[in-house]
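Chemist: Starting off with a structure, shown below.
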Number of protein chains: 4
Amino acid sequence: MPWSHEFAGRLDEHTIDSALLRDNPLGDPAQRPLWVYVPPGYDEEPRRRYPSVYVIQGYTGHLAMWRNRSAYRQPFPETADALFASGDAPPCVVVYVDAWTAYGGSQFVDSPGTGKYHSYLCDEVVPFVDARYRTLDAAAHRGVSGKSSGGFGALITPMLRPDLFGGLASHAGDSLYEYAYLHEFALATRALRDHYEGSYEKFWADFRSRPAFTKEHDGTLVMVYGCAAAFSADADGTVRLPFDPVTGQLVPQAWQRWLDWDPVRMIPKYADALRGLKAIYLDAGKRDEWFLDLGHGAVRAELAKIGVTDVHHELFEGTHMAIDYRYPIGLRYLAERLAPAS
Amino acid sequence: MPWSHEFAGRLDEHTIDSALLRDNPLGDPAQRPLWVYVPPGYDEEPRRRYPSVYVIQGYTGHLAMWRNRSAYRQPFPETADALFASGDAPPCVVVYVDAWTAYGGSQFVDSPGTGKYHSYLCDEVVPFVDARYRTLDAAAHRGVSGKSSGGFGALITPMLRPDLFGGLASHAGDSLYEYAYLHEFALATRALRDHYEGSYEKFWADFRSRPAFTKEHDGTLVMVYGCAAAFSADADGTVRLPFDPVTGQLVPQAWQRWLDWDPVRMIPKYADALRGLKAIYLDAGKRDEWFLDLGHGAVRAELAKIGVTDVHHELFEGTHMAIDYRYPIGLRYLAERLAPAS
Amino acid sequence: MPWSHEFAGRLDEHTIDSALLRDNPLGDPAQRPLWVYVPPGYDEEPRRRYPSVYVIQGYTGHLAMWRNRSAYRQPFPETADALFASGDAPPCVVVYVDAWTAYGGSQFVDSPGTGKYHSYLCDEVVPFVDARYRTLDAAAHRGVSGKSSGGFGALITPMLRPDLFGGLASHAGDSLYEYAYLHEFALATRALRDHYEGSYEKFWADFRSRPAFTKEHDGTLVMVYGCAAAFSADADGTVRLPFDPVTGQLVPQAWQRWLDWDPVRMIPKYADALRGLKAIYLDAGKRDEWFLDLGHGAVRAELAKIGVTDVHHELFEGTHMAIDYRYPIGLRYLAERLAPAS
Amino acid sequence: MPWSHEFAGRLDEHTIDSALLRDNPLGDPAQRPLWVYVPPGYDEEPRRRYPSVYVIQGYTGHLAMWRNRSAYRQPFPETADALFASGDAPPCVVVYVDAWTAYGGSQFVDSPGTGKYHSYLCDEVVPFVDARYRTLDAAAHRGVSGKSSGGFGALITPMLRPDLFGGLASHAGDSLYEYAYLHEFALATRALRDHYEGSYEKFWADFRSRPAFTKEHDGTLVMVYGCAAAFSADADGTVRLPFDPVTGQLVPQAWQRWLDWDPVRMIPKYADALRGLKAIYLDAGKRDEWFLDLGHGAVRAELAKIGVTDVHHELFEGTHMAIDYRYPIGLRYLAERLAPAS
């Protein structure tokens, strides 16, 4: 039945009371939902320890959306469960992390514009899970996976914290920002010009006054602003746009802050961390609307330059949308690479 | 929080064991989920009786999808609850009905190709609800509402059963089939030609062998076939396509059976039933991809021809997609019209 | 050089003073340009007679547009000349016919709404050419070729006048009207609703007051009206639309008059004429915006039903646009089939 | 009649034998067509001198294309003639310049990759015209106008040669290259990846082997390469792409050479030249596919920064396509500003 699934493993729902998110600048909740999945057999083998994979979401995603159902498909927590139930992948603990903000996302970085979501993941969620579940707590057995903004988070988190994460899977993760983002800036500028007199304030006032996403450019305007809050906010939280909202011209200093977060450009700087990873999985649709197929190709090319060639890189027929069926493929790859030697 | 809602009313989950759906031709379950919502105050006023509104879904919808969440929006069961909680609409019982099939939908008709979903709704669900909830059981206090295929169901059900339904709300309901469907036939023919040698059997074999909706025309091919199963199946369940899958040429007899189910064309025949309705609400997006804005305009025009002019008809800026924010507007209209005189 | 071509043959420019077009209902000129091309060698072999191919244009085409140039391509009169110069095709006389009207076209039919363009072609242009050029004047050596509306003209003219035309080449010719035209009616209705209060008069007043084709739906509205003038005008010239411009609903009687001009539906009636043809060439792009790839597939299927299977039918990668490079391919086919036995 | 126009003025066709284009690297002809239009009255007033406006074309344009006709519109040389015939604009000499190359265009710059088209215009065409026609030969009475790449040429030529040009009209001229070009690089990279193994050589081999523009990305691939030939060729003519054709990653040095040709970025450097202009006319469609509406907004903003505020800047409803009806508007503006004091 399309509306039911009997879990072979077990999905636990937790709430974390985060110290790091307390008093975040957007007033988003510091108490966050967290789901932890244990694979079939976990309770029957009380001494066995497991690799863990942390799963993060794309822009405008929040945890409860993992339950969203669609025709003829099962939600990822269920297809992941089926993967382990089938025995096709070594068992893992899978952790579903929430990083929603009032701007629709956090990019999984620490920012004075949104909050300390990177640290929240690394310094609060990971210890929370390790304390409560029988994980293998070495980086070599811990991975992170995500799509779109979540793919970006999966790419950068192990660069920043190789002590924690030894594997990553990025499905169409944000990268090669000149192609992923500049087009959005142009669309945003035009939308601001045509509807909001060039003012983001006027946009937000309008956006909050009516049902969300009923105007064509809502998605672009929200996403661009949210990324600016993540990438180029001042220390006091002021969001610095990487472009002039009236003319669209780039603001070099702010735009450079974005580029500093481009995984393609981060690779040389984090070469050592990347060389130590056990698993790198990259895929994207050939017609990805944000050219993240090119982004991942560039990631692979930069990885090769630093000598990292043990990379699974795959392009598939498709766009950026409805690609959740790829997630179990990446998860399986991580599970195999992060499993302990038998 | 985007992922939570505290119901002011109460949402009960039931399962109906349907006699009418037993042995349906597709082997779909005869045990169906059914949700019944009672508004705030229901339990406090044990002698009060309420109007009821039956809510049905669009193509490829099934009941659990009412829980799907998206950024900055709440699911309809929650916005409906909020509507009643605010006091902006007279209280109603709201009934969420499932009519999923293996083809993605039933069009809420009785068909040897899919099953007796019309009768299921009218002769099983309605009595089930009336027996368990304090509804006002006259047609004047019972409505039906839906979007897309659900809007179609909302349009035709009161025509067929004016003894049961006294009001309807159709959001972009299927209508004016020459514009809604013929374009789909052309796309389907081309997809069959280019990928399946003109054979629907080959399509189904491929579709079932891989993740659904990973090919561009999956949605069209499924929907067209499912509607043929609903509208133009033989008595033995054989699905008769309304077009030659090799050339695309219309098959007049089968196509006529579709047209016989076009709400625009049904109106003259069901004039008496329609004249008795207490509430007719129609809306659609001006850029609806299936031209259902034109469809509803034609519905209104045909209603006017039979003297039914007390119709709420509205076009809004938008397409066919992401218009769930319209549903509470239609619900409120029904609630007001179906409420008992105070 | 992209801007030059030295003709190997000769292109003569004539003006015909048409009796049949005099007093045409739209006040279009009765003096029409006509170009006649003679192949290389024509003047050197003064006793030789040649097959002839009449070339007609798509909607909104007029004769002078055959001179339009585009980057990296040559206009058809030049590529046709090159075809004969290369010796790749038996030599032909090629006749370029103008059938422009104030509505943008005539569909090459006789209509009280536009004028007698069918008769003009058959009873004035053909005799004019035969009188002045050394053509082989039997139908077996005379063909007609065109694209889009011109392809339609090429399909129907030999049906109506098998005594004159023994071959045809249709590049994406109008056919299978339910897919080619109904979508346009929907777009037209919506455009009239949103911009012209449902009134074609208001559209024409606006259209004539400003530069043409500066509004998105100008093309659709002009073409639909022009076809109605060709297909469904009253005897007094009044144009009867095949749909209600306010609701979009089909007007069955007028729509039937269109269908009576659908080549797919005409084939059974003109079976004898079609069986006598020496050459039938059909091609279309697989992504033709008007589904004329399906149209031609249906034409072929209907031809097969009447026993006509000696048909060149080809689908190519492409849309409806910029397909002039196909014309010499069709011309060559006609030249070979219409050439006298050597 | 749509296919005829009686000139009120006179259009003379010349051929220039260019010394500067001789031995150009692409082997394009050094003998170039040049059209010079004189307004009505020119021959009747043999002592009167006139302002002159040089008109240049967009990418893939060549001179003969000015004769292209389309339904319900007249070619620009005719609408320009009509403008002067009507007396709505002071009379001007209008010069139509050809700068076609084997890559489809020259961007009107001097480049070892294409040829000295800037110098050709300034040092050969202008003297040629001034020697043969009664022009007012001061810069204050000479303007340049164009669309798209021609608009770019119109923007930069007076910056480089304020001694020659005192006015400009840019219709959707290339500018703000991050939005105009980067998206094209992404599309080009993807097309090379999917069809040509990342090799431009393979593309050119394929492109030259078949009718042009029959594949979806032909236009993008040609244009990007041609602009690289204009902007970032080595001294020996080697074309340096501004991006890696395999990964799409920018090549900073080559990309910087493009940016050095961005009118938006050139303005500060050529402030004095710009401050001296008599006429600056800018327009673009609000939905320009290359965001040249934003480009022109940025041009205006940069002009304001250097104190140039006497600018006609206009956005109109429309895209980049079929906007030739705007040209007479820009021409009239130039004619008025460049006319001698009466």
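By convention in this document, the chains of the structure tokens carry letters A, B, ... by their order, each chain's residues are numbered from 1, and ligands are numbered from 1 in the order they are shown.
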Could you list, as a count of residues only, every residue within 12 Å of C:Arg337, counting only C-alpha atoms and ignoring same-chain residues fewer than 5 positions away?
Modeler: 28
Chemist: For B:Arg132, list every protein, DNA or RNA residue within 12 Å, evaluated using only C-alpha atoms, and leave out those in the same chain fewer than 4 positions away; present the list as a list of chain:residue names.
Modeler: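 Listing them by chain and then by number gives B:Asp12, B:His14, B:Val36, B:Tyr37, B:Val38, B:Arg49, B:Val93, B:Val95, B:Val125, B:Val126, B:Pro127, B:Phe128, B:Leu136, B:Asp137.
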Chemist: For chain D, which residues have at least one atom within 8 Å of chain A, if we go by only C-alpha atoms? Write them as a list of chain:residue names, please.
Modeler: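 That gives the following set of residues: D:Leu176, D:Glu178, D:Tyr179, D:Leu182, D:His183, D:Ala186, D:Thr189, D:Arg190, D:Thr247, D:Gly248, D:Gln249, D:Phe291, D:Leu294, D:Gly297, D:Ala298, D:Ala301.
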Chemist: When you look at A:Ala229 with a cut-off of 8 Å (counting only C-alpha atoms), what residues show up, excluding the ones that are within fewer than 2 positions of it in the same chain? I need them as an MDAnalysis selection string.
Modeler: chainID A and resid 111:114 225:227 231:233 237:240
Chemist: Set the distance at 10 Å and use only C-alpha atoms: which residues neighbour A:His195 once local chain neighbours fewer than 5 positions away are removed? I'd like the list as a list in words.
Modeler: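 My list of contacting residues is Arg190, Lys202, Phe203, Asp206 and His217 of chain A.
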Chemist: Can you pull out every residue within 12 Å of B:Lys147, counting only C-alpha atoms, but drop anything in the same chain fewer than 6 positions away, and send it as a PDB file with N, CA, C and O atoms, in the first residue's frame?
Modeler:
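out_19.pdb, freshly written:
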ATOM      1  N   VAL B  55     -14.048  15.439   1.714  1.00  0.00           N
ATOM      2  CA  VAL B  55     -12.924  15.982   0.965  1.00  0.00           C
ATOM      3  C   VAL B  55     -12.250  14.844   0.209  1.00  0.00           C
ATOM      4  O   VAL B  55     -11.882  13.823   0.796  1.00  0.00           O
ATOM      5  N   ILE B  56     -12.088  15.042  -1.091  1.00  0.00           N
ATOM      6  CA  ILE B  56     -11.468  14.020  -1.938  1.00  0.00           C
ATOM      7  C   ILE B  56     -10.264  14.620  -2.657  1.00  0.00           C
ATOM      8  O   ILE B  56     -10.112  15.836  -2.722  1.00  0.00           O
ATOM      9  N   GLN B  57      -9.422  13.736  -3.179  1.00  0.00           N
ATOM     10  CA  GLN B  57      -8.098  14.178  -3.619  1.00  0.00           C
ATOM     11  C   GLN B  57      -7.897  14.151  -5.131  1.00  0.00           C
ATOM     12  O   GLN B  57      -8.643  13.502  -5.859  1.00  0.00           O
ATOM     13  N   GLY B  58      -6.853  14.810  -5.554  1.00  0.00           N
ATOM     14  CA  GLY B  58      -6.499  14.837  -6.961  1.00  0.00           C
ATOM     15  C   GLY B  58      -5.798  13.562  -7.397  1.00  0.00           C
ATOM     16  O   GLY B  58      -5.486  12.683  -6.578  1.00  0.00           O
ATOM     17  N   TYR B  59      -5.537  13.481  -8.683  1.00  0.00           N
ATOM     18  CA  TYR B  59      -4.927  12.277  -9.230  1.00  0.00           C
ATOM     19  C   TYR B  59      -3.585  12.003  -8.560  1.00  0.00           C
ATOM     20  O   TYR B  59      -2.796  12.898  -8.347  1.00  0.00           O
ATOM     21  N   THR B  60      -3.343  10.747  -8.292  1.00  0.00           N
ATOM     22  CA  THR B  60      -2.171  10.227  -7.570  1.00  0.00           C
ATOM     23  C   THR B  60      -2.176  10.607  -6.089  1.00  0.00           C
ATOM     24  O   THR B  60      -1.176  10.381  -5.403  1.00  0.00           O
ATOM     25  N   GLY B  61      -3.284  11.123  -5.607  1.00  0.00           N
ATOM     26  CA  GLY B  61      -3.366  11.406  -4.175  1.00  0.00           C
ATOM     27  C   GLY B  61      -3.874  10.203  -3.395  1.00  0.00           C
ATOM     28  O   GLY B  61      -4.724   9.459  -3.868  1.00  0.00           O
ATOM     29  N   PHE B  76      -3.621  20.948   4.795  1.00  0.00           N
ATOM     30  CA  PHE B  76      -5.021  21.353   4.801  1.00  0.00           C
ATOM     31  C   PHE B  76      -5.770  20.924   6.060  1.00  0.00           C
ATOM     32  O   PHE B  76      -6.539  21.731   6.609  1.00  0.00           O
ATOM     33  N   GLN B 107     -11.119   8.567 -10.185  1.00  0.00           N
ATOM     34  CA  GLN B 107     -12.049   9.607 -10.649  1.00  0.00           C
ATOM     35  C   GLN B 107     -13.380   9.572  -9.885  1.00  0.00           C
ATOM     36  O   GLN B 107     -14.319  10.250 -10.276  1.00  0.00           O
ATOM     37  N   GLY B 153     -14.621  15.018  -9.023  1.00  0.00           N
ATOM     38  CA  GLY B 153     -15.490  14.217  -8.163  1.00  0.00           C
ATOM     39  C   GLY B 153     -16.500  15.082  -7.426  1.00  0.00           C
ATOM     40  O   GLY B 153     -17.671  14.711  -7.273  1.00  0.00           O
ATOM     41  N   ALA B 154     -16.056  16.248  -6.987  1.00  0.00           N
ATOM     42  CA  ALA B 154     -16.959  17.150  -6.275  1.00  0.00           C
ATOM     43  C   ALA B 154     -18.053  17.689  -7.192  1.00  0.00           C
ATOM     44  O   ALA B 154     -19.171  17.953  -6.764  1.00  0.00           O
ATOM     45  N   LEU B 155     -17.712  17.843  -8.472  1.00  0.00           N
ATOM     46  CA  LEU B 155     -18.719  18.341  -9.420  1.00  0.00           C
ATOM     47  C   LEU B 155     -19.771  17.283  -9.746  1.00  0.00           C
ATOM     48  O   LEU B 155     -20.967  17.579  -9.837  1.00  0.00           O
ATOM     49  N   LEU B 168     -21.041  21.807  -3.195  1.00  0.00           N
ATOM     50  CA  LEU B 168     -19.780  21.325  -3.751  1.00  0.00           C
ATOM     51  C   LEU B 168     -18.792  22.469  -3.865  1.00  0.00           C
ATOM     52  O   LEU B 168     -19.165  23.636  -4.049  1.00  0.00           O
ATOM     53  N   ALA B 169     -17.544  22.100  -3.731  1.00  0.00           N
ATOM     54  CA  ALA B 169     -16.467  23.049  -4.008  1.00  0.00           C
ATOM     55  C   ALA B 169     -15.458  22.348  -4.910  1.00  0.00           C
ATOM     56  O   ALA B 169     -14.907  21.311  -4.549  1.00  0.00           O
ATOM     57  N   SER B 170     -15.243  22.925  -6.071  1.00  0.00           N
ATOM     58  CA  SER B 170     -14.279  22.363  -7.009  1.00  0.00           C
ATOM     59  C   SER B 170     -13.142  23.349  -7.232  1.00  0.00           C
ATOM     60  O   SER B 170     -13.351  24.465  -7.709  1.00  0.00           O
ATOM     61  N   HIS B 171     -11.961  22.926  -6.849  1.00  0.00           N
ATOM     62  CA  HIS B 171     -10.754  23.701  -7.136  1.00  0.00           C
ATOM     63  C   HIS B 171     -10.119  23.078  -8.382  1.00  0.00           C
ATOM     64  O   HIS B 171      -9.600  21.958  -8.326  1.00  0.00           O
ATOM     65  N   ALA B 172     -10.176  23.799  -9.489  1.00  0.00           N
ATOM     66  CA  ALA B 172      -9.553  23.313 -10.722  1.00  0.00           C
ATOM     67  C   ALA B 172      -9.947  21.868 -11.018  1.00  0.00           C
ATOM     68  O   ALA B 172      -9.099  21.013 -11.259  1.00  0.00           O
ATOM     69  N   GLY B 173     -11.248  21.631 -11.000  1.00  0.00           N
ATOM     70  CA  GLY B 173     -11.750  20.284 -11.273  1.00  0.00           C
ATOM     71  C   GLY B 173     -11.735  19.973 -12.758  1.00  0.00           C
ATOM     72  O   GLY B 173     -11.993  20.845 -13.597  1.00  0.00           O
ATOM     73  N   ASP B 174     -11.450  18.733 -13.084  1.00  0.00           N
ATOM     74  CA  ASP B 174     -11.387  18.325 -14.494  1.00  0.00           C
ATOM     75  C   ASP B 174     -12.690  18.667 -15.208  1.00  0.00           C
ATOM     76  O   ASP B 174     -13.765  18.261 -14.764  1.00  0.00           O
ATOM     77  N   SER B 175     -12.575  19.350 -16.334  1.00  0.00           N
ATOM     78  CA  SER B 175     -13.753  19.776 -17.075  1.00  0.00           C
ATOM     79  C   SER B 175     -13.314  20.346 -18.411  1.00  0.00           C
ATOM     80  O   SER B 175     -12.164  20.711 -18.578  1.00  0.00           O
ATOM     81  N   TYR B 281     -19.167  26.227  -5.391  1.00  0.00           N
ATOM     82  CA  TYR B 281     -17.957  27.051  -5.339  1.00  0.00           C
ATOM     83  C   TYR B 281     -16.990  26.527  -6.390  1.00  0.00           C
ATOM     84  O   TYR B 281     -16.684  25.331  -6.426  1.00  0.00           O
ATOM     85  N   LEU B 282     -16.501  27.405  -7.239  1.00  0.00           N
ATOM     86  CA  LEU B 282     -15.559  27.033  -8.295  1.00  0.00           C
ATOM     87  C   LEU B 282     -14.378  27.998  -8.275  1.00  0.00           C
ATOM     88  O   LEU B 282     -14.584  29.214  -8.270  1.00  0.00           O
ATOM     89  N   ASP B 283     -13.179  27.480  -8.279  1.00  0.00           N
ATOM     90  CA  ASP B 283     -12.055  28.375  -8.541  1.00  0.00           C
ATOM     91  C   ASP B 283     -10.977  27.633  -9.321  1.00  0.00           C
ATOM     92  O   ASP B 283     -10.967  26.404  -9.418  1.00  0.00           O
ATOM     93  N   ALA B 284     -10.087  28.403  -9.924  1.00  0.00           N
ATOM     94  CA  ALA B 284      -8.993  27.820 -10.712  1.00  0.00           C
ATOM     95  C   ALA B 284      -7.956  28.908 -10.969  1.00  0.00           C
ATOM     96  O   ALA B 284      -8.270  30.106 -10.935  1.00  0.00           O
ATOM     97  N   GLY B 285      -6.732  28.464 -11.203  1.00  0.00           N
ATOM     98  CA  GLY B 285      -5.661  29.405 -11.526  1.00  0.00           C
ATOM     99  C   GLY B 285      -5.734  29.822 -12.986  1.00  0.00           C
ATOM    100  O   GLY B 285      -6.020  28.996 -13.853  1.00  0.00           O
ATOM    101  N   LEU B 292      -8.112  24.335 -16.742  1.00  0.00           N
ATOM    102  CA  LEU B 292      -9.313  24.120 -15.938  1.00  0.00           C
ATOM    103  C   LEU B 292      -9.936  25.443 -15.531  1.00  0.00           C
ATOM    104  O   LEU B 292     -11.091  25.473 -15.090  1.00  0.00           O
ATOM    105  N   HIS B 320      -1.854  25.128 -11.742  1.00  0.00           N
ATOM    106  CA  HIS B 320      -2.562  23.993 -11.137  1.00  0.00           C
ATOM    107  C   HIS B 320      -1.859  23.532  -9.862  1.00  0.00           C
ATOM    108  O   HIS B 320      -2.390  22.707  -9.119  1.00  0.00           O
ATOM    109  N   MET B 321      -0.671  24.035  -9.621  1.00  0.00           N
ATOM    110  CA  MET B 321       0.192  23.476  -8.589  1.00  0.00           C
ATOM    111  C   MET B 321       0.190  24.322  -7.306  1.00  0.00           C
ATOM    112  O   MET B 321       0.087  25.538  -7.373  1.00  0.00           O
ATOM    113  N   ALA B 322       0.368  23.631  -6.198  1.00  0.00           N
ATOM    114  CA  ALA B 322       0.569  24.295  -4.905  1.00  0.00           C
ATOM    115  C   ALA B 322      -0.565  25.251  -4.564  1.00  0.00           C
ATOM    116  O   ALA B 322      -0.363  26.351  -4.077  1.00  0.00           O
ATOM    117  N   ILE B 323      -1.786  24.823  -4.842  1.00  0.00           N
ATOM    118  CA  ILE B 323      -2.929  25.693  -4.588  1.00  0.00           C
ATOM    119  C   ILE B 323      -3.756  25.212  -3.399  1.00  0.00           C
ATOM    120  O   ILE B 323      -4.915  25.576  -3.247  1.00  0.00           O
ATOM    121  N   ASP B 324      -3.137  24.431  -2.541  1.00  0.00           N
ATOM    122  CA  ASP B 324      -3.853  23.956  -1.366  1.00  0.00           C
ATOM    123  C   ASP B 324      -4.318  25.110  -0.471  1.00  0.00           C
ATOM    124  O   ASP B 324      -5.237  24.945   0.321  1.00  0.00           O
ATOM    125  N   TYR B 325      -3.701  26.271  -0.610  1.00  0.00           N
ATOM    126  CA  TYR B 325      -4.127  27.399   0.219  1.00  0.00           C
ATOM    127  C   TYR B 325      -5.532  27.871  -0.168  1.00  0.00           C
ATOM    128  O   TYR B 325      -6.156  28.639   0.549  1.00  0.00           O
ATOM    129  N   ARG B 326      -6.002  27.389  -1.321  1.00  0.00           N
ATOM    130  CA  ARG B 326      -7.369  27.742  -1.722  1.00  0.00           C
ATOM    131  C   ARG B 326      -8.416  26.887  -1.005  1.00  0.00           C
ATOM    132  O   ARG B 326      -9.590  27.285  -0.937  1.00  0.00           O
ATOM    133  N   TYR B 327      -8.026  25.730  -0.524  1.00  0.00           N
ATOM    134  CA  TYR B 327      -9.039  24.798  -0.017  1.00  0.00           C
ATOM    135  C   TYR B 327      -9.831  25.370   1.168  1.00  0.00           C
ATOM    136  O   TYR B 327     -11.048  25.186   1.225  1.00  0.00           O
ATOM    137  N   PRO B 328      -9.171  26.044   2.108  1.00  0.00           N
ATOM    138  CA  PRO B 328      -9.978  26.584   3.207  1.00  0.00           C
ATOM    139  C   PRO B 328     -10.990  27.628   2.747  1.00  0.00           C
ATOM    140  O   PRO B 328     -12.031  27.813   3.384  1.00  0.00           O
ATOM    141  N   GLY B 330     -12.692  27.516  -0.076  1.00  0.00           N
ATOM    142  CA  GLY B 330     -13.853  26.756  -0.530  1.00  0.00           C
ATOM    143  C   GLY B 330     -14.599  26.121   0.639  1.00  0.00           C
ATOM    144  O   GLY B 330     -15.839  26.096   0.668  1.00  0.00           O
ATOM    145  N   LEU B 331     -13.831  25.642   1.600  1.00  0.00           N
ATOM    146  CA  LEU B 331     -14.459  25.004   2.768  1.00  0.00           C
ATOM    147  C   LEU B 331     -15.320  25.999   3.539  1.00  0.00           C
ATOM    148  O   LEU B 331     -16.444  25.678   3.958  1.00  0.00           O
TER     149      LEU B 331
END
Chemist: How far is it from atom CA of D:Leu121 to atom CA of D:Asn68, in Å with one decimal?
Modeler: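 Result for atom CA of D:Leu121 versus atom CA of D:Asn68: 23.2 Å, one decimal.
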Chemist: Need to verify the contact set: C:Arg161, 10 Å, only C-alpha atoms, exclusion of same-chain residues closer than 3 positions in sequence. Can you return it as a ChimeraX atom specification?
Modeler: /C:118-119,122,139,156-158,164-166,273
Chemist: Keeping only C-alpha atoms, write the selected residues to a file as a compact mmCIF listing (two decimals), in the first residue's frame.
Modeler:
# COMPACT_ATOMS: atom_id res chain seq x y z
CA HIS C 118 -7.25 27.51 -54.16
CA SER C 119 -8.67 28.42 -57.53
CA CYS C 122 -4.99 25.94 -59.81
CA ALA C 139 -0.45 15.98 -63.54
CA ILE C 156 -5.20 19.00 -49.97
CA THR C 157 -4.59 20.55 -53.36
CA PRO C 158 -3.84 17.25 -55.13
CA LEU C 164 -3.43 19.00 -62.04
CA PHE C 165 -1.14 17.67 -59.31
CA GLY C 166 0.54 14.29 -59.22
CA ALA C 273 -7.23 11.02 -56.18
Chemist: Quick one: residues within 12 Å of D:Arg10, only C-alpha atoms, excluding same-chain residues fewer than 6 positions away - as a list in words?
Modeler: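 The residues satisfying every condition are Trp35, Val36, Tyr37, Val38, Pro39, Pro40, Gly41, Tyr42, Asp43, Pro77, Glu78, Ala80, Asp81, Ala82, Phe84, Ala85, Cys92, Val93, Val94 and Val95 of chain D.
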Chemist: Atom CA of B:Ser18 to atom CA of B:Gly104: how many Å, to one decimal?
Modeler: 18.8 Å
Chemist: Step one, run DSSP on the backbone; step two, keep only residues of stretch 247-327 of chain C assigned to strand (DSSP E); then write them as a list in words.
Modeler: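 Assigned to strand (DSSP E), within stretch 247-327 of chain C: Ala279, Ile280, Tyr281, Leu282, Asp283, Ala284, Gly285, His312, His313, Glu314, Leu315 and Phe316 of chain C.
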Chemist: Using Å and a single decimal, report how far atom CA of A:Val308 sits from atom CA of A:Tyr270.
Modeler: 11.7 Å
Chemist: Between C:Asp236, C:Glu44, C:Trp3, C:Gln256, which residue has the minimum interatomic distance to D:His62, considering only C-alpha atoms?
Modeler: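 Of C:Asp236, C:Glu44, C:Trp3, C:Gln256, the one nearest D:His62, counting only C-alpha atoms, is C:Trp3.
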Chemist: Mind the document's chain letters and residue numbers, and return as a PyMOL selection string the residues of stretch 25-195 of chain D that DSSP labels alpha helix (DSSP H).
Modeler: chain D and resi 76-85+117-119+126-132+149-160+177-180+182-195
